[in-house]
Amino acid sequence: MKAIVNEEYGSLEVLQLKEVEKPTPKDNEVLVKIYAASVNYGDKILVRGKPFLVRLMGMGLLKPKNTIVGTDIAGQVEAVGRNVKQFQSGDEVFGDIGACGFGAFAEYVSVPENALTLKPVNMTFEEAAAVPQAAGVALQGLRKGQIQPGQKVLINGASGGIGTFAVQIAKSYGAEVTGVCSTRNLDMVRSIGADHVIDYTQEDFTQKEQQRYDLILDMVANRSISDNKRALSPEGVYVAVAPNPSVMLLGSLMSRTGGKKVTALRQIPDVKDMVYMKELIEAGKVVPVIDRRYPLSDVAEAMRYLEEGHHHGKVVITVEHHVDA
Ligand SMILES: NC(=O)c1ccc[n+]([C@@H]2O[C@H](COP(=O)([O-])OP(=O)(O)OC[C@H]3O[C@@H](n4cnc5c(N)ncnc54)[C@H](OP(=O)(O)O)[C@@H]3O)[C@@H](O)[C@H]2O)c1
């Protein structure tokens, strides 16, 4: 099968389209014929091996342990191991395979059945591949902030991969949502349901005296903890999704004073979140925003586009299968 392989850490040039052995499912595994994948921030971290800390987190010290990266897949079950209970050949599935060895940028992957969920019936493979990690992070972040109906929720980075899901999920909880993004994305963020939008090139949400939020979900982390705390209501919660060392180090300490809480999210893929997302999607409450699509051979280009920061929503990889693939 064809796959995008990185055998060493380095720039995106290390990524090569290669012919590699097609996996065979173990007893508890499902072999998925991948039709679409999507690109996330973590992918380029694994390709570059930077920050160095990721290498110490079991990803391979000198060279990558997993030579095919990518966490988000959508595809069709081609074969199942003999202990697999939930799936059978022909089922259409999607999932975040980040906890079971990665491998989304390939024609096939074999993963434990508990990494997969039946694909929402009203979606294409490309749309389904946009969902897993970004929607999983958005959902876990909003839950960590203890989202409740009627709350005022601010999404910082509302136009991005995670933010576009966060806006829609927060609305599905019955929150009043404010999305922060750049001028060119204001209409898009409104169109996915934000009640209010703030253009960060014109206004700083932390400096608006009259406006306080019960929950801030932060995909940018470009303001200090005290600025974010100022924008919270007396019992409000700030959740850092983007890496924010000061929140990780001082969050619990700074949460002791007053009712306001400051915390950081570390998302862990959970199939229960995907079941929840499938229901929201099938109920028409969440629709992925897809910016661009790239073929499998252009994964490096897709990552470069993401790195440039001009995208909105998700960047998707389409996987075409030729005869005998
Ligand atoms: N905690 C976890 O477990 C976890 C898991 C996955 C990812 N992450 C992190 O989450 C972060 C966001 O990921 P993502 O995939 O959503 O990224 P993304 O698609 O690049 O979205 C970020 C968005 O932020 C907006 N932005 C840039 N500068 C801004 C500013 N000053 N104020 C407000 N918005 C601004 C950009 O929108 P405009 O184009 O409109 O400027 C962009 O669309 C990354 O840092 C990633 O590493 C964390």
# chains A, B, ... in the order shown; residues from 1 in each chain; ligands from 1
$ select_by_dssp --residues "stretch 9-149 of chain A" --states "strand (DSSP E or B)" --output "ChimeraX atom specification"
/A:16-19,29-38,72-80,92-96,106,108-112,117-118
$ closest_atom_pairs --of "stretch 18-43 of chain A" --to "stretch 96-107 of chain A" --cutoff "10 Å" --atoms "only C-alpha atoms" --output "tab-separated table"
residue	atom	partner	partner_atom	distance
A:Lys18	CA	A:Ala106	CA	9.4
A:Glu19	CA	A:Ala106	CA	9.7
A:Val20	CA	A:Ala106	CA	9.3
A:Lys22	CA	A:Glu107	CA	8.4
A:Val32	CA	A:Glu107	CA	8.5
A:Lys33	CA	A:Glu107	CA	6.1
A:Ile34	CA	A:Glu107	CA	5.3
A:Tyr35	CA	A:Glu107	CA	7.4
A:Ala36	CA	A:Ala104	CA	8.4
A:Ala37	CA	A:Ala104	CA	6.0
A:Ser38	CA	A:Ala104	CA	8.1
A:Val39	CA	A:Phe105	CA	9.2
A:Gly42	CA	A:Gly98	CA	9.6
A:Asp43	CA	A:Phe102	CA	9.5
$ closest_residue --among "A:Lys278, A:Lys44, A:Lys26, A:Arg293" --to "ligand 1" --atoms "only C-alpha atoms and all ligand atoms"
A:Lys44
$ residues_near_ligand --ligand "ligand 1" --cutoff "6 Å" --atoms "only C-alpha atoms and all ligand atoms" --output "PDB file with N, CA and C atoms, in the first residue's frame"
ATOM      1  N   ASN A  40      -3.648  17.800  11.703  1.00  0.00           N
ATOM      2  CA  ASN A  40      -3.720  18.502  12.986  1.00  0.00           C
ATOM      3  C   ASN A  40      -2.340  19.041  13.356  1.00  0.00           C
ATOM      4  N   TYR A  41      -2.335  19.992  14.314  1.00  0.00           N
ATOM      5  CA  TYR A  41      -1.071  20.584  14.753  1.00  0.00           C
ATOM      6  C   TYR A  41      -0.057  19.551  15.202  1.00  0.00           C
ATOM      7  N   VAL A 137     -11.220  17.546  21.075  1.00  0.00           N
ATOM      8  CA  VAL A 137     -10.592  18.576  21.923  1.00  0.00           C
ATOM      9  C   VAL A 137     -11.642  19.612  22.332  1.00  0.00           C
ATOM     10  N   ASN A 156     -11.762  31.626  21.901  1.00  0.00           N
ATOM     11  CA  ASN A 156     -10.650  32.386  21.324  1.00  0.00           C
ATOM     12  C   ASN A 156      -9.944  31.504  20.288  1.00  0.00           C
ATOM     13  N   GLY A 157      -9.959  31.960  19.018  1.00  0.00           N
ATOM     14  CA  GLY A 157      -9.479  31.092  17.926  1.00  0.00           C
ATOM     15  C   GLY A 157     -10.654  30.354  17.310  1.00  0.00           C
ATOM     16  N   SER A 159     -12.143  30.505  14.514  1.00  0.00           N
ATOM     17  CA  SER A 159     -12.156  30.180  13.078  1.00  0.00           C
ATOM     18  C   SER A 159     -11.291  28.978  12.740  1.00  0.00           C
ATOM     19  N   GLY A 160     -10.577  28.424  13.709  1.00  0.00           N
ATOM     20  CA  GLY A 160      -9.627  27.346  13.425  1.00  0.00           C
ATOM     21  C   GLY A 160     -10.250  25.960  13.490  1.00  0.00           C
ATOM     22  N   GLY A 161      -9.385  24.951  13.404  1.00  0.00           N
ATOM     23  CA  GLY A 161      -9.844  23.566  13.391  1.00  0.00           C
ATOM     24  C   GLY A 161     -10.685  23.243  14.617  1.00  0.00           C
ATOM     25  N   ILE A 162     -10.161  23.523  15.794  1.00  0.00           N
ATOM     26  CA  ILE A 162     -10.882  23.222  17.038  1.00  0.00           C
ATOM     27  C   ILE A 162     -12.003  24.242  17.267  1.00  0.00           C
ATOM     28  N   GLY A 163     -11.688  25.517  17.007  1.00  0.00           N
ATOM     29  CA  GLY A 163     -12.645  26.589  17.283  1.00  0.00           C
ATOM     30  C   GLY A 163     -13.965  26.436  16.538  1.00  0.00           C
ATOM     31  N   VAL A 180     -13.906  34.705  18.745  1.00  0.00           N
ATOM     32  CA  VAL A 180     -12.846  35.680  18.461  1.00  0.00           C
ATOM     33  C   VAL A 180     -12.020  35.165  17.277  1.00  0.00           C
ATOM     34  N   CYS A 181     -11.870  36.010  16.255  1.00  0.00           N
ATOM     35  CA  CYS A 181     -11.102  35.608  15.064  1.00  0.00           C
ATOM     36  C   CYS A 181     -10.674  36.859  14.308  1.00  0.00           C
ATOM     37  N   SER A 182     -10.032  36.672  13.160  1.00  0.00           N
ATOM     38  CA  SER A 182      -9.590  37.830  12.374  1.00  0.00           C
ATOM     39  C   SER A 182     -10.730  38.322  11.486  1.00  0.00           C
ATOM     40  N   ASN A 185     -12.539  36.185   8.783  1.00  0.00           N
ATOM     41  CA  ASN A 185     -13.308  35.002   9.199  1.00  0.00           C
ATOM     42  C   ASN A 185     -14.569  35.330  10.004  1.00  0.00           C
ATOM     43  N   TYR A 200     -10.142  40.268  16.504  1.00  0.00           N
ATOM     44  CA  TYR A 200      -9.001  40.523  17.406  1.00  0.00           C
ATOM     45  C   TYR A 200      -8.035  41.569  16.845  1.00  0.00           C
ATOM     46  N   MET A 219      -7.796  28.656  22.237  1.00  0.00           N
ATOM     47  CA  MET A 219      -6.954  27.927  21.287  1.00  0.00           C
ATOM     48  C   MET A 219      -5.745  28.741  20.843  1.00  0.00           C
ATOM     49  N   VAL A 220      -5.543  29.931  21.450  1.00  0.00           N
ATOM     50  CA  VAL A 220      -4.468  30.812  21.004  1.00  0.00           C
ATOM     51  C   VAL A 220      -3.459  31.081  22.127  1.00  0.00           C
ATOM     52  N   VAL A 241      -6.369  25.556  25.807  1.00  0.00           N
ATOM     53  CA  VAL A 241      -6.209  24.401  24.904  1.00  0.00           C
ATOM     54  C   VAL A 241      -4.840  24.490  24.246  1.00  0.00           C
ATOM     55  N   ALA A 242      -4.477  25.668  23.753  1.00  0.00           N
ATOM     56  CA  ALA A 242      -3.128  25.860  23.212  1.00  0.00           C
ATOM     57  C   ALA A 242      -2.142  25.735  24.370  1.00  0.00           C
ATOM     58  N   PRO A 243      -0.951  25.206  24.096  1.00  0.00           N
ATOM     59  CA  PRO A 243       0.032  25.053  25.175  1.00  0.00           C
ATOM     60  C   PRO A 243       0.301  26.394  25.851  1.00  0.00           C
ATOM     61  N   LEU A 265      -6.063  21.974  29.261  1.00  0.00           N
ATOM     62  CA  LEU A 265      -6.614  20.702  28.777  1.00  0.00           C
ATOM     63  C   LEU A 265      -5.506  19.837  28.201  1.00  0.00           C
ATOM     64  N   ARG A 266      -5.534  18.550  28.523  1.00  0.00           N
ATOM     65  CA  ARG A 266      -4.732  17.580  27.775  1.00  0.00           C
ATOM     66  C   ARG A 266      -5.712  16.564  27.216  1.00  0.00           C
ATOM     67  N   GLN A 267      -5.973  16.680  25.932  1.00  0.00           N
ATOM     68  CA  GLN A 267      -6.990  15.816  25.329  1.00  0.00           C
ATOM     69  C   GLN A 267      -6.488  14.381  25.230  1.00  0.00           C
ATOM     70  N   GLY A 309      -0.805  29.320   8.674  1.00  0.00           N
ATOM     71  CA  GLY A 309      -1.831  29.955   9.507  1.00  0.00           C
ATOM     72  C   GLY A 309      -2.891  30.728   8.742  1.00  0.00           C
ATOM     73  N   HIS A 310      -2.983  30.530   7.417  1.00  0.00           N
ATOM     74  CA  HIS A 310      -4.009  31.254   6.648  1.00  0.00           C
ATOM     75  C   HIS A 310      -5.272  30.430   6.447  1.00  0.00           C
ATOM     76  N   HIS A 312      -8.780  28.234   7.479  1.00  0.00           N
ATOM     77  CA  HIS A 312      -9.857  28.296   8.467  1.00  0.00           C
ATOM     78  C   HIS A 312     -10.430  26.883   8.562  1.00  0.00           C
ATOM     79  N   GLY A 313     -10.991  26.536   9.690  1.00  0.00           N
ATOM     80  CA  GLY A 313     -11.533  25.183   9.852  1.00  0.00           C
ATOM     81  C   GLY A 313     -10.457  24.138   9.622  1.00  0.00           C
TER      82      GLY A 313
END
$ closest_residue --among "A:Gly284, A:Pro64, A:Pro295, A:Pro234" --to "A:Ile169" --atoms "only C-alpha atoms"
A:Gly284
$ atom_distance --atom1 "atom CA of A:Ala79" --atom2 "atom CA of A:Lys119"
16.7 Å
$ select_by_dssp --residues "stretch 153-281 of chain A" --states "alpha helix (DSSP H)" --output "ChimeraX atom specification"
/A:161-172,186-191,225-230,245-254,271-281
$ atom_distance --atom1 "atom CA of A:Lys285" --atom2 "atom CA of A:Tyr213"
22.9 Å
$ residues_around --residues "A:Leu280" --least-positions-apart "4" --cutoff "10 Å" --atoms "only C-alpha atoms" --output "VMD selection string"
chain A and resid 120 168 to 169 172 274 to 276 284 to 287
$ residues_around --residues "A:Asn28" --least-positions-apart "3" --cutoff "12 Å" --atoms "only C-alpha atoms" --output "MDAnalysis selection string"
chainID A and resid 24:25 31 79:87 110:115
$ residues_around --residues "A:Pro245" --least-positions-apart "6" --cutoff "12 Å" --atoms "only C-alpha atoms" --output "NGL selection string"
:A and (221-222 or 224-225 or 251 or 263-265)
$ atom_distance --atom1 "atom CA of A:Val271" --atom2 "atom CA of A:Val167"
21.1 Å
$ closest_residue --among "A:Leu232, A:Ile4, A:Met277, A:Met248" --to "A:Lys261" --atoms "only C-alpha atoms"
A:Leu232
$ residues_around --residues "A:Ser226" --least-positions-apart "3" --cutoff "12 Å" --atoms "only C-alpha atoms" --output "PDB file with N, CA and C atoms, in the first residue's frame"
ATOM      1  N   THR A 206     -10.099  40.823  26.366  1.00  0.00           N
ATOM      2  CA  THR A 206      -9.788  40.881  27.800  1.00  0.00           C
ATOM      3  C   THR A 206      -9.892  42.308  28.354  1.00  0.00           C
ATOM      4  N   GLN A 207      -9.975  43.281  27.427  1.00  0.00           N
ATOM      5  CA  GLN A 207     -10.004  44.683  27.878  1.00  0.00           C
ATOM      6  C   GLN A 207     -11.403  45.300  27.784  1.00  0.00           C
ATOM      7  N   ASN A 222      -2.703  33.805  23.873  1.00  0.00           N
ATOM      8  CA  ASN A 222      -1.879  34.985  23.604  1.00  0.00           C
ATOM      9  C   ASN A 222      -2.091  36.086  24.641  1.00  0.00           C
ATOM     10  N   ARG A 223      -2.776  35.777  25.727  1.00  0.00           N
ATOM     11  CA  ARG A 223      -2.996  36.753  26.797  1.00  0.00           C
ATOM     12  C   ARG A 223      -2.535  36.140  28.119  1.00  0.00           C
ATOM     13  N   LYS A 229      -8.344  36.123  33.381  1.00  0.00           N
ATOM     14  CA  LYS A 229      -9.171  36.087  34.602  1.00  0.00           C
ATOM     15  C   LYS A 229     -10.067  37.318  34.701  1.00  0.00           C
ATOM     16  N   ARG A 230      -9.518  38.458  34.254  1.00  0.00           N
ATOM     17  CA  ARG A 230     -10.303  39.694  34.299  1.00  0.00           C
ATOM     18  C   ARG A 230     -11.568  39.576  33.445  1.00  0.00           C
ATOM     19  N   ALA A 231     -11.458  38.793  32.343  1.00  0.00           N
ATOM     20  CA  ALA A 231     -12.612  38.661  31.431  1.00  0.00           C
ATOM     21  C   ALA A 231     -13.618  37.616  31.912  1.00  0.00           C
ATOM     22  N   LEU A 232     -13.321  36.948  33.040  1.00  0.00           N
ATOM     23  CA  LEU A 232     -14.238  35.917  33.543  1.00  0.00           C
ATOM     24  C   LEU A 232     -15.272  36.496  34.504  1.00  0.00           C
ATOM     25  N   TYR A 238     -11.460  29.420  32.930  1.00  0.00           N
ATOM     26  CA  TYR A 238     -10.618  29.604  31.743  1.00  0.00           C
ATOM     27  C   TYR A 238      -9.934  28.279  31.438  1.00  0.00           C
ATOM     28  N   SER A 246       2.466  28.833  31.605  1.00  0.00           N
ATOM     29  CA  SER A 246       2.137  29.471  32.891  1.00  0.00           C
ATOM     30  C   SER A 246       0.858  28.883  33.474  1.00  0.00           C
ATOM     31  N   VAL A 247      -0.094  28.516  32.604  1.00  0.00           N
ATOM     32  CA  VAL A 247      -1.319  27.895  33.124  1.00  0.00           C
ATOM     33  C   VAL A 247      -0.997  26.507  33.685  1.00  0.00           C
ATOM     34  N   LEU A 250       1.041  27.301  36.956  1.00  0.00           N
ATOM     35  CA  LEU A 250       0.450  28.127  38.015  1.00  0.00           C
ATOM     36  C   LEU A 250      -1.067  28.041  38.104  1.00  0.00           C
ATOM     37  N   GLY A 251      -1.670  27.315  37.154  1.00  0.00           N
ATOM     38  CA  GLY A 251      -3.127  27.283  37.061  1.00  0.00           C
ATOM     39  C   GLY A 251      -3.819  26.958  38.359  1.00  0.00           C
ATOM     40  N   MET A 254      -3.338  29.697  40.944  1.00  0.00           N
ATOM     41  CA  MET A 254      -4.095  30.917  40.668  1.00  0.00           C
ATOM     42  C   MET A 254      -5.598  30.696  40.765  1.00  0.00           C
ATOM     43  N   SER A 255      -6.015  29.431  40.813  1.00  0.00           N
ATOM     44  CA  SER A 255      -7.448  29.157  40.925  1.00  0.00           C
ATOM     45  C   SER A 255      -7.915  29.198  42.370  1.00  0.00           C
ATOM     46  N   THR A 257      -7.500  31.649  44.510  1.00  0.00           N
ATOM     47  CA  THR A 257      -8.027  32.945  44.931  1.00  0.00           C
ATOM     48  C   THR A 257      -9.319  33.234  44.185  1.00  0.00           C
ATOM     49  N   LYS A 260     -12.871  32.176  40.494  1.00  0.00           N
ATOM     50  CA  LYS A 260     -12.491  31.921  39.102  1.00  0.00           C
ATOM     51  C   LYS A 260     -11.474  30.791  39.028  1.00  0.00           C
ATOM     52  N   LYS A 261     -11.617  29.973  37.973  1.00  0.00           N
ATOM     53  CA  LYS A 261     -10.707  28.824  37.820  1.00  0.00           C
ATOM     54  C   LYS A 261      -9.909  28.952  36.538  1.00  0.00           C
ATOM     55  N   VAL A 262      -8.644  28.510  36.603  1.00  0.00           N
ATOM     56  CA  VAL A 262      -7.764  28.520  35.435  1.00  0.00           C
ATOM     57  C   VAL A 262      -7.212  27.111  35.272  1.00  0.00           C
TER      58      VAL A 262
END
